[in-house]
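Shown below: work38.csv, with CSV, C-alpha atoms and all ligand atoms.
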chain,number,residue,atom,x,y,z
F,1,MET,CA,93.2,114.7,123.0
F,2,SER,CA,91.8,118.1,123.7
F,3,ASP,CA,88.2,117.8,122.4
F,4,VAL,CA,85.5,116.0,124.3
F,5,THR,CA,82.8,115.9,121.7
F,6,PRO,CA,83.2,113.1,119.2
F,7,LEU,CA,84.2,114.3,115.8
F,8,SER,CA,81.8,113.7,113.0
F,9,ALA,CA,83.1,112.4,109.7
F,10,GLU,CA,81.7,115.5,108.1
F,11,ILE,CA,83.7,117.9,110.3
F,12,LEU,CA,86.8,115.8,109.6
F,13,ARG,CA,86.1,116.0,105.9
F,14,ARG,CA,85.7,119.7,106.0
F,15,ALA,CA,88.9,120.2,108.1
F,16,PRO,CA,91.8,121.3,105.8
F,17,LYS,CA,94.2,118.4,105.2
F,18,VAL,CA,97.7,118.2,103.8
F,19,LEU,CA,98.8,114.9,102.2
F,20,LEU,CA,102.5,114.2,101.6
F,21,HIS,CA,102.6,110.5,100.9
F,22,ASP,CA,100.1,109.2,98.3
F,23,HIS,CA,100.9,106.9,95.4
F,24,LEU,CA,99.2,107.7,92.1
F,25,ASP,CA,99.0,104.0,91.1
F,26,GLY,CA,97.5,103.2,94.5
F,27,GLY,CA,94.6,105.6,94.4
F,28,LEU,CA,92.6,104.8,91.3
F,29,ARG,CA,88.8,104.6,91.4
F,30,PRO,CA,87.8,101.0,90.9
F,31,GLY,CA,85.4,102.0,88.1
F,32,THR,CA,88.3,103.7,86.3
F,33,VAL,CA,90.5,100.6,86.5
F,34,ALA,CA,87.7,98.6,84.9
F,35,GLU,CA,87.0,101.1,82.1
F,36,LEU,CA,90.7,101.6,81.3
F,37,ALA,CA,91.2,97.9,81.2
F,38,GLU,CA,88.4,97.6,78.7
F,39,ASP,CA,89.8,100.5,76.6
F,40,LEU,CA,93.3,99.1,76.6
F,41,GLY,CA,92.4,95.5,76.1
F,42,TYR,CA,93.9,94.6,79.5
F,43,ARG,CA,92.4,91.1,80.3
F,44,ASP,CA,94.0,90.2,83.6
F,45,LEU,CA,91.6,91.8,86.1
F,46,PRO,CA,89.9,89.4,88.5
F,47,THR,CA,86.5,91.1,87.8
F,48,THR,CA,85.2,94.1,85.9
F,49,ASP,CA,82.4,95.0,88.3
F,50,PRO,CA,83.6,98.2,90.0
F,51,ASP,CA,82.2,97.3,93.5
F,52,GLU,CA,83.6,93.8,93.4
F,53,LEU,CA,86.9,95.1,92.1
F,54,GLY,CA,87.1,97.7,94.9
F,55,ARG,CA,86.6,94.9,97.4
F,56,TRP,CA,89.1,92.6,95.7
F,57,PHE,CA,91.8,95.3,95.8
F,58,ARG,CA,91.3,95.7,99.6
F,59,ALA,CA,91.2,92.0,100.3
F,60,ALA,CA,94.2,91.2,98.1
F,61,ALA,CA,96.2,94.0,99.7
F,62,ASP,CA,95.0,92.8,103.1
F,63,SER,CA,95.7,89.1,102.7
F,64,GLY,CA,99.2,89.1,104.1
F,65,SER,CA,100.5,87.6,100.9
F,66,LEU,CA,103.1,89.7,99.2
F,67,VAL,CA,102.2,88.1,95.9
F,68,SER,CA,98.6,89.3,96.1
F,69,TYR,CA,99.7,92.7,97.3
F,70,LEU,CA,102.0,93.2,94.3
F,71,GLU,CA,99.3,91.8,92.0
F,72,THR,CA,97.2,94.8,92.9
F,73,PHE,CA,99.8,97.2,91.6
F,74,ALA,CA,100.3,95.0,88.5
F,75,HIS,CA,96.7,95.8,87.6
F,76,THR,CA,96.7,99.5,88.3
F,77,CYS,CA,100.0,100.0,86.5
F,78,GLY,CA,98.8,97.7,83.7
F,79,VAL,CA,96.0,100.1,82.8
F,80,MET,CA,98.1,103.3,83.2
F,81,GLN,CA,100.2,102.8,80.0
F,82,THR,CA,98.8,105.5,77.7
F,83,GLU,CA,98.9,109.2,77.9
F,84,GLU,CA,95.0,109.3,78.0
F,85,ALA,CA,94.9,106.9,80.9
F,86,LEU,CA,97.6,108.8,82.9
F,87,VAL,CA,95.8,112.1,82.3
F,88,ARG,CA,92.5,110.6,83.5
F,89,VAL,CA,93.9,108.9,86.6
F,90,ALA,CA,95.8,112.1,87.6
F,91,ALA,CA,92.8,114.4,87.1
F,92,GLU,CA,90.5,112.1,89.1
F,93,ALA,CA,93.1,111.8,91.9
F,94,VAL,CA,93.0,115.6,92.3
F,95,GLU,CA,89.2,115.6,92.3
F,96,ASP,CA,89.0,112.8,94.9
F,97,LEU,CA,91.5,114.5,97.2
F,98,ALA,CA,89.8,117.9,97.0
F,99,ALA,CA,86.4,116.2,97.8
F,100,ASP,CA,88.2,114.7,100.8
F,101,GLY,CA,89.2,118.2,102.1
F,102,VAL,CA,92.8,118.0,101.0
F,103,VAL,CA,94.1,121.5,100.3
F,104,TYR,CA,97.7,120.6,99.4
F,105,ALA,CA,98.9,117.2,98.2
F,106,GLU,CA,102.2,115.7,96.9
F,107,LEU,CA,101.3,112.7,94.7
F,108,ARG,CA,104.1,110.3,93.8
F,109,TYR,CA,104.7,107.6,91.2
F,110,ALA,CA,107.5,105.8,89.5
F,111,PRO,CA,107.5,106.9,85.8
F,112,GLU,CA,109.4,103.7,84.8
F,113,LEU,CA,106.4,101.6,85.6
F,114,PHE,CA,104.3,103.3,82.8
F,115,VAL,CA,106.5,102.7,79.8
F,116,ASP,CA,105.5,99.2,78.9
F,117,ARG,CA,103.6,100.3,75.8
F,118,GLY,CA,106.3,102.6,74.5
F,119,LEU,CA,105.8,105.9,76.4
F,120,SER,CA,109.0,107.8,77.1
F,121,LEU,CA,109.7,108.9,80.7
F,122,ASP,CA,109.2,112.5,79.7
F,123,ALA,CA,105.9,111.7,78.1
F,124,VAL,CA,104.7,110.0,81.3
F,125,VAL,CA,105.6,113.0,83.4
F,126,GLU,CA,104.0,115.4,80.9
F,127,ALA,CA,100.7,113.4,80.8
F,128,VAL,CA,100.5,113.2,84.6
F,129,GLN,CA,101.2,117.0,84.9
F,130,GLU,CA,98.4,117.6,82.4
F,131,GLY,CA,96.1,115.5,84.4
F,132,PHE,CA,96.9,117.3,87.6
F,133,ALA,CA,96.3,120.6,85.9
F,134,GLU,CA,93.0,119.4,84.5
F,135,GLY,CA,91.9,118.1,87.9
F,136,THR,CA,92.9,121.3,89.6
F,137,ARG,CA,90.9,123.3,87.0
F,138,ARG,CA,87.8,121.1,87.6
F,139,VAL,CA,88.1,121.5,91.4
F,140,ALA,CA,88.3,125.3,91.0
F,141,ALA,CA,85.4,125.3,88.5
F,142,GLY,CA,83.3,123.6,91.2
F,143,GLY,CA,84.3,126.2,93.8
F,144,GLY,CA,86.9,124.2,95.6
F,145,ARG,CA,90.6,124.7,96.0
F,146,ILE,CA,93.6,122.4,96.0
F,147,ARG,CA,97.3,122.7,95.2
F,148,VAL,CA,99.1,119.6,93.9
F,149,ARG,CA,102.8,118.8,93.4
F,150,THR,CA,104.5,115.7,92.2
F,151,LEU,CA,107.2,113.5,93.5
F,152,LEU,CA,109.0,111.1,91.1
F,153,CYS,CA,110.1,107.7,92.5
F,154,GLY,CA,112.9,105.5,91.5
F,155,MET,CA,112.3,101.8,92.1
F,156,ARG,CA,114.9,100.4,94.5
F,157,GLN,CA,115.1,97.0,92.7
F,158,HIS,CA,115.8,98.7,89.3
F,159,ALA,CA,119.0,100.7,88.6
F,160,ARG,CA,117.4,103.8,87.2
F,161,ALA,CA,117.4,106.1,90.2
F,162,LEU,CA,119.9,108.6,88.8
F,163,GLU,CA,117.9,108.8,85.5
F,164,ILE,CA,114.7,109.5,87.5
F,165,ALA,CA,116.4,112.0,89.7
F,166,GLU,CA,117.5,113.9,86.5
F,167,LEU,CA,113.9,113.7,85.3
F,168,ALA,CA,112.7,115.2,88.5
F,169,VAL,CA,115.1,118.1,88.2
F,170,ARG,CA,114.3,118.6,84.5
F,171,TYR,CA,110.6,119.1,85.4
F,172,ARG,CA,111.1,121.0,88.7
F,173,ASP,CA,109.5,124.1,87.2
F,174,ALA,CA,106.6,122.2,85.8
F,175,GLY,CA,105.2,121.0,89.1
F,176,VAL,CA,107.6,118.2,90.1
F,177,ALA,CA,108.7,119.1,93.7
F,178,GLY,CA,110.9,116.2,94.6
F,179,PHE,CA,112.1,112.6,94.4
F,180,ASP,CA,111.7,109.4,96.4
F,181,ILE,CA,112.8,105.8,96.2
F,182,ALA,CA,110.1,103.1,96.5
F,183,GLY,CA,109.9,99.3,96.2
F,184,PRO,CA,111.3,96.6,98.4
F,185,GLU,CA,113.2,98.1,101.3
F,186,GLU,CA,114.8,94.9,102.6
F,187,GLY,CA,117.9,93.9,100.6
F,188,PHE,CA,117.8,97.3,98.7
F,189,PRO,CA,119.3,99.8,101.1
F,190,PRO,CA,119.0,103.5,100.2
F,191,THR,CA,122.8,103.8,99.8
F,192,ARG,CA,122.5,101.7,96.5
F,193,ASN,CA,121.2,105.0,95.0
F,194,LEU,CA,123.8,107.4,96.4
F,195,ASP,CA,124.6,108.7,92.9
F,196,ALA,CA,121.0,109.9,92.6
F,197,PHE,CA,121.0,111.6,96.0
F,198,ASP,CA,124.3,113.3,95.4
F,199,TYR,CA,123.0,114.6,92.1
F,200,LEU,CA,119.9,116.0,93.8
F,201,ARG,CA,121.8,117.7,96.6
F,202,ARG,CA,124.2,119.3,94.1
F,203,ASN,CA,121.1,120.6,92.3
F,204,ASN,CA,119.4,121.9,95.4
F,205,ALA,CA,116.5,119.5,94.9
F,206,HIS,CA,114.3,117.9,97.5
F,207,PHE,CA,113.9,114.2,98.3
F,208,THR,CA,112.3,111.9,100.7
F,209,ILE,CA,113.1,108.2,101.1
F,210,HIS,CA,110.8,105.2,101.9
F,211,ALA,CA,112.6,104.0,105.1
F,212,GLY,CA,111.6,102.4,108.4
F,213,GLU,CA,108.6,100.5,107.0
F,214,ALA,CA,109.7,97.0,105.9
F,215,PHE,CA,113.1,97.4,107.4
F,216,GLY,CA,114.2,99.0,110.6
F,217,LEU,CA,116.7,101.5,112.1
F,218,PRO,CA,119.7,100.8,109.7
F,219,SER,CA,117.5,101.8,106.8
F,220,ILE,CA,116.4,105.0,108.5
F,221,GLY,CA,120.0,105.7,109.5
F,222,GLU,CA,121.3,105.3,105.9
F,223,ALA,CA,118.4,107.4,104.5
F,224,ILE,CA,119.3,110.3,106.7
F,225,GLN,CA,123.0,110.1,107.4
F,226,TYR,CA,124.3,108.7,104.1
F,227,CYS,CA,121.7,109.9,101.6
F,228,GLY,CA,120.6,113.1,103.2
F,229,ALA,CA,116.8,112.5,103.1
F,230,GLU,CA,114.8,115.5,104.2
F,231,ARG,CA,111.8,113.4,105.1
F,232,LEU,CA,111.2,109.7,105.9
F,233,GLY,CA,108.5,107.8,103.9
F,234,HIS,CA,106.8,106.0,106.8
F,235,GLY,CA,109.8,106.2,109.2
F,236,VAL,CA,107.5,104.5,111.7
F,237,ARG,CA,110.1,102.0,112.9
F,238,ILE,CA,112.0,104.9,114.5
F,239,ALA,CA,109.9,103.7,117.5
F,240,GLU,CA,112.3,100.8,117.8
F,241,ASP,CA,114.9,103.3,119.0
F,242,ILE,CA,112.6,104.4,121.9
F,243,THR,CA,112.4,102.5,125.1
F,244,ALA,CA,110.4,102.9,128.3
F,245,ASP,CA,111.8,101.8,131.7
F,246,ALA,CA,109.8,100.1,134.5
F,247,ASP,CA,108.7,103.5,135.8
F,248,GLY,CA,107.4,104.5,132.4
F,249,ASN,CA,110.2,107.0,131.7
F,250,VAL,CA,110.8,107.1,127.9
F,251,HIS,CA,114.3,107.1,126.6
F,252,LEU,CA,115.2,108.1,123.0
F,253,GLY,CA,118.2,106.4,121.4
F,254,ARG,CA,120.7,108.5,119.4
F,255,LEU,CA,119.0,108.1,116.1
F,256,ALA,CA,115.5,108.8,117.4
F,257,SER,CA,116.9,111.9,119.2
F,258,TYR,CA,118.5,113.1,116.0
F,259,VAL,CA,115.3,112.6,114.0
F,260,ARG,CA,113.3,114.5,116.6
F,261,ASP,CA,115.9,117.2,117.2
F,262,ARG,CA,116.3,117.9,113.5
F,263,ARG,CA,112.5,117.9,113.1
F,264,ILE,CA,112.8,115.3,110.3
F,265,PRO,CA,109.2,114.7,109.1
F,266,LEU,CA,107.7,111.3,109.4
F,267,GLU,CA,105.2,110.5,106.6
F,268,ILE,CA,103.1,108.1,108.7
F,269,CYS,CA,100.5,106.0,106.9
F,270,PRO,CA,98.5,104.3,109.6
F,271,SER,CA,96.1,102.0,107.7
F,272,SER,CA,98.9,101.0,105.2
F,273,ASN,CA,101.1,100.0,108.1
F,274,VAL,CA,98.5,97.7,109.6
F,275,GLN,CA,97.8,96.2,106.2
F,276,THR,CA,101.4,95.4,105.4
F,277,GLY,CA,102.0,94.0,108.9
F,278,THR,CA,104.5,96.8,109.8
F,279,VAL,CA,102.4,97.1,113.0
F,280,PRO,CA,100.0,94.5,114.3
F,281,SER,CA,97.0,96.8,114.8
F,282,LEU,CA,96.1,100.5,114.8
F,283,ALA,CA,95.9,100.4,118.6
F,284,GLU,CA,99.5,99.3,118.7
F,285,HIS,CA,100.7,101.9,116.1
F,286,PRO,CA,103.4,104.1,117.5
F,287,ILE,CA,101.8,107.3,116.2
F,288,GLY,CA,100.4,108.0,119.6
F,289,LEU,CA,103.8,107.8,121.2
F,290,LEU,CA,105.5,109.7,118.4
F,291,ALA,CA,102.9,112.5,118.6
F,292,ARG,CA,103.2,112.7,122.4
F,293,LEU,CA,107.0,113.0,122.1
F,294,ARG,CA,106.5,115.8,119.5
F,295,PHE,CA,108.2,114.1,116.6
F,296,ARG,CA,107.3,115.9,113.3
F,297,VAL,CA,104.4,113.5,112.6
F,298,THR,CA,102.3,113.8,109.5
F,299,VAL,CA,99.3,111.6,108.6
F,300,ASN,CA,99.0,110.1,105.1
F,301,THR,CA,97.0,107.6,103.0
F,302,ASP,CA,99.8,105.8,101.0
F,303,ASN,CA,97.4,103.8,98.8
F,304,ARG,CA,93.8,104.8,98.9
F,305,LEU,CA,92.5,102.1,96.7
F,306,MET,CA,94.3,99.2,98.3
F,307,SER,CA,93.6,100.4,101.9
F,308,GLY,CA,90.1,101.6,101.0
F,309,CYS,CA,90.9,104.8,102.9
F,310,THR,CA,90.8,108.6,102.6
F,311,MET,CA,92.5,111.3,104.7
F,312,THR,CA,89.1,111.7,106.4
F,313,SER,CA,88.8,108.0,107.3
F,314,GLU,CA,92.4,108.0,108.5
F,315,PHE,CA,91.7,111.0,110.8
F,316,ALA,CA,88.4,109.3,112.0
F,317,ALA,CA,90.2,106.1,112.8
F,318,LEU,CA,92.9,108.0,114.7
F,319,ALA,CA,90.3,110.0,116.6
F,320,GLU,CA,88.6,106.8,117.6
F,321,THR,CA,91.7,104.8,118.5
F,322,PHE,CA,93.9,107.5,120.1
F,323,GLY,CA,91.3,110.1,121.1
F,324,PHE,CA,92.9,112.8,118.9
F,325,GLY,CA,90.9,116.0,118.5
F,326,LEU,CA,90.8,118.9,116.1
F,327,ASP,CA,93.8,120.5,117.8
F,328,ASP,CA,95.8,117.4,117.1
F,329,PHE,CA,94.6,117.2,113.5
F,330,ARG,CA,95.5,120.9,113.0
F,331,TRP,CA,98.9,120.1,114.4
F,332,PHE,CA,99.4,117.1,112.0
F,333,THR,CA,98.3,119.3,109.2
F,334,ILE,CA,100.6,122.2,110.0
F,335,ASN,CA,103.4,119.7,110.5
F,336,ALA,CA,102.7,118.4,107.0
F,337,MET,CA,102.5,121.9,105.4
F,338,LYS,CA,105.8,122.9,107.1
F,339,SER,CA,107.4,119.8,105.6
F,340,ALA,CA,106.1,120.1,102.1
F,341,PHE,CA,108.5,120.4,99.2
F,342,LEU,CA,106.9,123.7,98.3
F,343,ASP,CA,108.5,127.2,98.3
F,344,PHE,CA,108.6,128.6,101.8
F,345,ASP,CA,106.4,131.6,101.0
F,346,GLU,CA,103.7,129.3,99.6
F,347,ARG,CA,103.8,127.0,102.6
F,348,LEU,CA,103.4,130.0,104.9
F,349,GLU,CA,100.5,131.3,102.9
F,350,LEU,CA,98.7,128.0,103.0
F,351,ILE,CA,99.2,127.7,106.7
F,352,GLU,CA,98.1,131.2,107.5
F,353,LYS,CA,95.4,131.7,104.9
F,354,VAL,CA,93.9,128.2,104.5
F,355,VAL,CA,94.8,125.8,107.3
F,356,LYS,CA,94.5,128.0,110.4
F,357,PRO,CA,91.3,129.8,109.3
F,358,GLY,CA,89.9,126.4,108.1
F,359,TYR,CA,90.3,124.9,111.6
F,360,ALA,CA,89.1,128.1,113.3
F,361,ALA,CA,85.9,127.9,111.2
F,362,LEU,CA,85.2,124.4,112.5
F,363,GLY,CA,84.8,125.8,116.0
U,1,ZN,ZN,104.5,104.6,100.1
Please express what this file holds, its structure, as structure tokens.
Amino acid sequence: MSDVTPLSAEILRRAPKVLLHDHLDGGLRPGTVAELAEDLGYRDLPTTDPDELGRWFRAAADSGSLVSYLETFAHTCGVMQTEEALVRVAAEAVEDLAADGVVYAELRYAPELFVDRGLSLDAVVEAVQEGFAEGTRRVAAGGGRIRVRTLLCGMRQHARALEIAELAVRYRDAGVAGFDIAGPEEGFPPTRNLDAFDYLRRNNAHFTIHAGEAFGLPSIGEAIQYCGAERLGHGVRIAEDITADADGNVHLGRLASYVRDRRIPLEICPSSNVQTGTVPSLAEHPIGLLARLRFRVTVNTDNRLMSGCTMTSEFAALAETFGFGLDDFRWFTINAMKSAFLDFDERLELIEKVVKPGYAALG
């Protein structure tokens, strides 16, 4: 809101960005989906033409039909069932994020979705870590820089959260920074996985929880007060606990106050929220209100393939819709870096040596 000159996409691309909420199985290149399908003998794709496939993913995810939306992930997960495929997808994700100006990313996925052809959970994690390392090497070889960490997700509708939490702790020194639960929020409250969260807390491990997207305040309340989530995946429906009176005075309910007072990070994914119908349009997205009230707001992509978005395009859309300027994007970025599941000294180093100088250099 501070800058008067319109921000070019190139400036936004060069601005250092930090991404906390991005699904590995939601960010494949369309061409890679087609090639892996060919390699693996996967015959269910609607088309094998990369451009058409890219359009199909966006349209299917946009259609308002949950069946079509889930079908998109059936295809991406369907082609991520071998170690080679996982290494490739992970390495390309790192390259794509670095090209988008992301300097630190936490990529997440549910290992249990990649065991259909016989891979063990450990083999899945090791293949993805190998891919992240390979991608990071390629970025460095090209003169770029990015640091990547992993979050492992348990699926809410399955009953393996504890097993996945144990997996996350087992690989904590190999780049796995934390845990999450994903999948259908309604009907699967976070407290169904209390054993996993208790285990993580006892092991001083970090976790976020998808809450406040498809379901409202009770889900957020459970995630924080019963499960102990450090961050909220989306959390956007915390806005339902904020009211304005006739004079425009804003009032925060107890839960919204708690979230703001405790600086609980909100992993906001604007395009994804519009696509899934969590909010009717970007203009009506509460991110403007939440940022104005100084919640710990971060900006994220969620599923780059399904939403056809990047961090740069999310920033550009927010600049256009809400008038955010570079100072705001710097604030979102520092918020995200402060909230990362990375050692404190590394977070500080990235803020002081990468993010702040990066924004200063943009003028
Ligand atoms: Zn998500």
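Minimum atom-to-atom distance to ligand ZN 1 (chain U), evaluated using only C-alpha atoms and all ligand atoms, belongs to F:Glu267 out of F:Glu35, F:Glu267, F:Glu92, F:Glu134.
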Checklist line | CA of Ile209 (chain F) to CA of Gly233 (chain F), straight-line distance in Å | finding: 5.4 Å
Note to self: Here is a test: counting only C-alpha atoms and all ligand atoms, which residue of F:Arg149, F:Arg254, F:Arg43, F:Arg108 is nearest to ligand ZN 1 (chain U)?
What the structure shows: F:Arg108
Kindly provide the residues of chain F that approach ligand ZN 1 (chain U) to within 10 Å, each paired with its closest atom pair and their distance in Å to one decimal, based on all atoms listed in the file, listed by chain and increasing number, as CSV.
residue,atom,partner,partner_atom,distance
F:Leu20,CA,U:ZN1,ZN,9.9
F:His21,CA,U:ZN1,ZN,6.2
F:Asp22,CA,U:ZN1,ZN,6.6
F:His23,CA,U:ZN1,ZN,6.4
F:Gly26,CA,U:ZN1,ZN,9.1
F:Arg108,CA,U:ZN1,ZN,8.5
F:Tyr109,CA,U:ZN1,ZN,9.4
F:Cys153,CA,U:ZN1,ZN,9.9
F:Asp180,CA,U:ZN1,ZN,9.4
F:Ile181,CA,U:ZN1,ZN,9.2
F:Ala182,CA,U:ZN1,ZN,6.8
F:Gly183,CA,U:ZN1,ZN,8.5
F:Ile209,CA,U:ZN1,ZN,9.4
F:His210,CA,U:ZN1,ZN,6.6
F:Ala211,CA,U:ZN1,ZN,9.5
F:Glu213,CA,U:ZN1,ZN,9.0
F:Gly233,CA,U:ZN1,ZN,6.4
F:His234,CA,U:ZN1,ZN,7.2
F:Glu267,CA,U:ZN1,ZN,8.8
F:Ile268,CA,U:ZN1,ZN,9.4
F:Cys269,CA,U:ZN1,ZN,8.0
F:Ser272,CA,U:ZN1,ZN,8.4
F:Asn273,CA,U:ZN1,ZN,9.8
F:Asn300,CA,U:ZN1,ZN,9.2
F:Thr301,CA,U:ZN1,ZN,8.6
F:Asp302,CA,U:ZN1,ZN,4.9
F:Asn303,CA,U:ZN1,ZN,7.3
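Shortest atom-to-atom contact with Leu326 (chain F) among F:Gly144, F:Pro280, F:Gly253, F:Gly363: F:Gly363, counting only C-alpha atoms.
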Check: Which of these residues is nearest to Gly308 (chain F), using only C-alpha atoms: F:Tyr42, F:Tyr171, F:Trp56, F:Phe132?
Finding: F:Trp56
Margin query: So that I can see what lies close to Leu28 (chain F), please list as a count of residues only the residues with an atom at most 12 Å from it, counting only C-alpha atoms and leaving out residues fewer than 4 positions away in the same chain.
Written below: 38
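You can rank F:Ala340, F:Met311, F:Ala244, F:Ala283 by their closest distance to Ala99 (chain F) using all atoms listed in the file, and at the top of that list sits F:Met311.
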Item checked: All residues 9 Å or closer to region 291-295 of chain F, all atoms listed in the file, same chain fewer than 2 positions away omitted, as a list in words ->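 Here the answer would be Val259, Arg260, Asp261, Arg263, Ile264, Pro265, Leu266, Pro286, Ile287, Gly288, Leu289, Val297, Asp328 and Phe332 of chain F.
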Next item on the list: Mind checking which residues fall within 12 Å of Asn204 (chain F), counting all atoms listed in the file, ignoring those fewer than 4 positions away in the same chain, and posting them as a ChimeraX atom specification?
Entry: /F:165,168-169,172,177-179,197-200,228,230,341
Next item on the list: Grab the CA of Gly216 (chain F) to CA of Thr312 (chain F) distance for me, in Å with one decimal place.
Entry: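 So the two atoms, CA of Gly216 (chain F) and CA of Thr312 (chain F), lie 28.4 Å apart.
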